[in-house]
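Colleague: Can you read through this structure? Questions will come right after.
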Amino acid sequence: MKRFLQILTLLSLLTTTGQAQTRTVQYRPYTDLRQLHFGILVGMHLQDIGLKNVGPQLVEYEDGTLAGKTIVCENDRWNAGFSVGVLADLRLSKHFNVRFTPTMHFGAKHLTFHNLTDMDEYGRPTEVTQDMKNTYLSLPVDLKFSAERWNNYRPYLMAGINPMLNLTSKNQEYIQLKKSDLFIEIGLGCDFYLPFFKLIPELKFCYSLRDALDHNHAAELQDENMRPYTNAVASGHSKMIVLTFYFE
């Protein structure tokens, strides 16, 4: 009950503050009435991938010998990248718009494999790493819900589906991603109305709905010593945090 009263008090203060504000000159007052308009976007993002490990596995080499291995893989940090694209915005009603924003994302994921079976000279698990570079073509379709405009800003919420194509070519690294993926995304932003254009900063979170790993990649590796590392990962779901600036 105490927490509810605190929230109610905060909302009352915000409402009182909003009512006390004075109206200013509105830039581009009719820009939101256009049925269809276009723009460009630039931004930055952070990439990550959530991995599920197999655990202990039995490895058979080409000479017929068997060996038990326990290898754990993790994406040990969020990696930064940049994004660029275009925007098409369709007005549905006063508060709802549909947006199509084809975008190129350039970035990478950093993977670390911990071999718990093979120890180094200090008795610690041996480690290998992989910088998995990614170039994604993103084709999101989002529904944008905007609040009432006040002076020269208008906050909004958005959500949508984002198919992505992985344009990175195949390689002989430990982990390979599939050529396509499907993300769900949700975020928020604010329209800022300037004298000659509209600037829109937006922050959104994207999560992969499908297993992003190419499980046929292990059979394509030329080095059989790499296969236990590749087979150590059961599944992976990509994640992105994207900060975008739209210019309309």
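Here, A, B, ... name the chains of the structure tokens in the order displayed, residue numbers run from 1 inside each chain, and ligands are numbered from 1 in the same displayed order.
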Pick out the residues sitting within 9 Å of segment 218-224 of chain A, and hand them over as a VMD selection string; count only C-alpha atoms, and ignore anything fewer than 5 positions along from it in its own chain.
Modeller: chain A and resid 61 to 62 171 to 176 230 to 231
Colleague: Could you write out that same residue set with all heavy atoms as a CSV table (one decimal), in the first residue's frame?
Modeller:
```csv
chain,number,residue,atom,x,y,z
A,61,TYR,N,37.8,-39.8,-32.5
A,61,TYR,CA,38.7,-39.3,-33.5
A,61,TYR,C,38.8,-40.2,-34.7
A,61,TYR,O,38.3,-41.3,-34.7
A,61,TYR,CB,40.1,-39.0,-32.9
A,61,TYR,CG,40.1,-38.0,-31.9
A,61,TYR,CD1,40.1,-38.3,-30.5
A,61,TYR,CD2,40.1,-36.6,-32.2
A,61,TYR,CE1,40.1,-37.3,-29.5
A,61,TYR,CE2,40.1,-35.6,-31.3
A,61,TYR,CZ,40.1,-36.0,-29.9
A,61,TYR,OH,40.1,-35.0,-29.0
A,62,GLU,N,39.4,-39.8,-35.8
A,62,GLU,CA,39.4,-40.5,-37.1
A,62,GLU,C,40.2,-41.8,-36.9
A,62,GLU,O,39.9,-42.8,-37.7
A,62,GLU,CB,40.1,-39.7,-38.2
A,62,GLU,CG,39.2,-38.5,-38.6
A,62,GLU,CD,39.9,-37.7,-39.7
A,62,GLU,OE1,41.0,-38.1,-40.1
A,62,GLU,OE2,39.2,-36.8,-40.3
A,171,ASN,N,33.4,-19.9,-42.7
A,171,ASN,CA,34.8,-19.9,-42.4
A,171,ASN,C,35.1,-21.1,-41.7
A,171,ASN,O,34.3,-22.0,-41.5
A,171,ASN,CB,35.2,-18.6,-41.6
A,171,ASN,CG,34.3,-18.5,-40.3
A,171,ASN,OD1,34.1,-19.5,-39.6
A,171,ASN,ND2,33.7,-17.3,-40.1
A,172,GLN,N,36.4,-21.3,-41.2
A,172,GLN,CA,36.9,-22.4,-40.5
A,172,GLN,C,37.0,-22.1,-39.0
A,172,GLN,O,37.9,-22.7,-38.3
A,172,GLN,CB,38.2,-22.9,-41.1
A,172,GLN,CG,38.0,-23.6,-42.5
A,172,GLN,CD,37.3,-24.9,-42.3
A,172,GLN,OE1,37.6,-25.8,-41.5
A,172,GLN,NE2,36.2,-25.1,-43.2
A,173,GLU,N,36.2,-21.2,-38.5
A,173,GLU,CA,36.2,-21.0,-37.1
A,173,GLU,C,35.4,-22.0,-36.3
A,173,GLU,O,34.7,-22.8,-36.9
A,173,GLU,CB,35.7,-19.5,-36.8
A,173,GLU,CG,36.5,-18.4,-37.4
A,173,GLU,CD,37.8,-18.2,-36.6
A,173,GLU,OE1,38.0,-18.8,-35.5
A,173,GLU,OE2,38.7,-17.5,-37.1
A,174,TYR,N,35.4,-21.9,-35.0
A,174,TYR,CA,34.7,-22.9,-34.2
A,174,TYR,C,33.2,-22.9,-34.3
A,174,TYR,O,32.6,-23.9,-34.5
A,174,TYR,CB,35.1,-22.7,-32.7
A,174,TYR,CG,36.5,-22.9,-32.4
A,174,TYR,CD1,37.4,-21.8,-32.3
A,174,TYR,CD2,37.1,-24.1,-32.1
A,174,TYR,CE1,38.7,-22.0,-32.0
A,174,TYR,CE2,38.4,-24.3,-31.8
A,174,TYR,CZ,39.2,-23.2,-31.8
A,174,TYR,OH,40.6,-23.4,-31.5
A,175,ILE,N,32.6,-21.7,-34.3
A,175,ILE,CA,31.2,-21.5,-34.3
A,175,ILE,C,30.8,-20.7,-35.6
A,175,ILE,O,31.4,-19.8,-35.9
A,175,ILE,CB,30.7,-20.8,-33.1
A,175,ILE,CG1,31.0,-21.6,-31.8
A,175,ILE,CG2,29.2,-20.5,-33.2
A,175,ILE,CD1,30.2,-22.9,-31.7
A,176,GLN,N,29.7,-21.2,-36.2
A,176,GLN,CA,29.2,-20.5,-37.4
A,176,GLN,C,27.7,-20.3,-37.2
A,176,GLN,O,27.0,-21.2,-36.7
A,176,GLN,CB,29.4,-21.4,-38.7
A,176,GLN,CG,28.8,-20.8,-39.9
A,176,GLN,CD,29.7,-19.7,-40.5
A,176,GLN,OE1,31.0,-19.9,-40.5
A,176,GLN,NE2,29.1,-18.7,-41.0
A,230,THR,N,33.2,-27.1,-31.3
A,230,THR,CA,32.0,-26.7,-32.0
A,230,THR,C,30.8,-27.5,-31.4
A,230,THR,O,29.7,-26.9,-31.2
A,230,THR,CB,32.2,-27.1,-33.5
A,230,THR,OG1,33.3,-26.4,-34.0
A,230,THR,CG2,30.9,-26.7,-34.3
A,231,ASN,N,31.0,-28.8,-31.1
A,231,ASN,CA,29.9,-29.6,-30.6
A,231,ASN,C,29.6,-29.4,-29.2
A,231,ASN,O,28.6,-30.0,-28.6
A,231,ASN,CB,30.2,-31.1,-30.9
A,231,ASN,CG,30.3,-31.5,-32.3
A,231,ASN,OD1,29.5,-30.9,-33.1
A,231,ASN,ND2,31.1,-32.4,-32.7
```
Colleague: Taking the backbone alone, and naming residues the way the document does, which bits of segment 61-104 of chain A are strand (DSSP E) by DSSP, as a ChimeraX atom specification?
Modeller: /A:66-75,79-91,96-100,103-104
Colleague: Mind checking which residues fall within 6 Å of Leu111 of chain A, counting only C-alpha atoms, ignoring those fewer than 2 positions away in the same chain, and posting them as a tab-separated table (two decimals) with N, CA, C and O atoms, in the first residue's frame?
Modeller:
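And here's out22.tsv as it stands now:
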```tsv
chain	number	residue	atom	x	y	z
A	74	GLU	N	31.23	-19.46	-23.66
A	74	GLU	CA	30.46	-18.30	-23.22
A	74	GLU	C	30.79	-17.10	-24.08
A	74	GLU	O	31.90	-16.98	-24.62
A	75	ASN	N	29.79	-16.24	-24.24
A	75	ASN	CA	30.02	-14.93	-24.84
A	75	ASN	C	30.33	-14.00	-23.67
A	75	ASN	O	29.43	-13.60	-22.93
A	129	THR	N	39.70	-18.67	-27.97
A	129	THR	CA	38.73	-17.61	-28.20
A	129	THR	C	38.39	-17.50	-29.69
A	129	THR	O	39.15	-17.98	-30.55
A	130	GLN	N	37.27	-16.89	-29.97
A	130	GLN	CA	36.84	-16.63	-31.35
A	130	GLN	C	36.16	-15.27	-31.42
A	130	GLN	O	35.22	-14.99	-30.67
```
Colleague: According to DSSP computed on the backbone, where in segment 11-172 of chain A is there alpha helix (DSSP H)? Give the residues as a ChimeraX atom specification.
Modeller: /A:11-20
Colleague: May I have a table of the residues of segment 155-220 of chain A lying at most 10 Å from segment 235-247 of chain A, giving each one's closest pair of atoms and their distance in Å to one decimal, counting only C-alpha atoms, ordered by chain and ascending residue number, as CSV?
Modeller:
```
residue,atom,partner,partner_atom,distance
A:Leu177,CA,A:Gly236,CA,9.1
A:Asp181,CA,A:Ser238,CA,8.8
A:Leu182,CA,A:Ser238,CA,9.6
A:Phe183,CA,A:Ser238,CA,8.4
A:Ile184,CA,A:Lys239,CA,9.8
A:Glu185,CA,A:Met240,CA,9.1
A:Gly187,CA,A:Val242,CA,9.1
A:Gly189,CA,A:Thr244,CA,9.2
A:Asp191,CA,A:Tyr246,CA,9.1
A:Phe192,CA,A:Phe247,CA,9.9
A:Phe197,CA,A:Phe247,CA,6.8
A:Lys198,CA,A:Phe247,CA,5.8
A:Leu199,CA,A:Phe247,CA,5.1
A:Ile200,CA,A:Tyr246,CA,4.9
A:Pro201,CA,A:Phe245,CA,4.5
A:Glu202,CA,A:Thr244,CA,5.2
A:Leu203,CA,A:Leu243,CA,4.6
A:Lys204,CA,A:Val242,CA,5.4
A:Phe205,CA,A:Ile241,CA,4.7
A:Cys206,CA,A:Met240,CA,5.0
A:Tyr207,CA,A:Lys239,CA,4.7
A:Ser208,CA,A:Ser238,CA,5.2
A:Leu209,CA,A:His237,CA,7.1
A:Arg210,CA,A:His237,CA,6.6
A:Asp211,CA,A:Gly236,CA,5.4
A:Ala212,CA,A:Gly236,CA,5.5
A:Leu213,CA,A:Gly236,CA,5.9
A:Asp214,CA,A:Ser235,CA,9.2
A:His215,CA,A:Ser235,CA,8.7
```
Colleague: What does the structure give for the distance between atom CA of Glu127 of chain A and atom CA of Lys109 of chain A, in Å to one decimal?
Modeller: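 Calculated distance between atom CA of Glu127 of chain A and atom CA of Lys109 of chain A is 16.5 Å.
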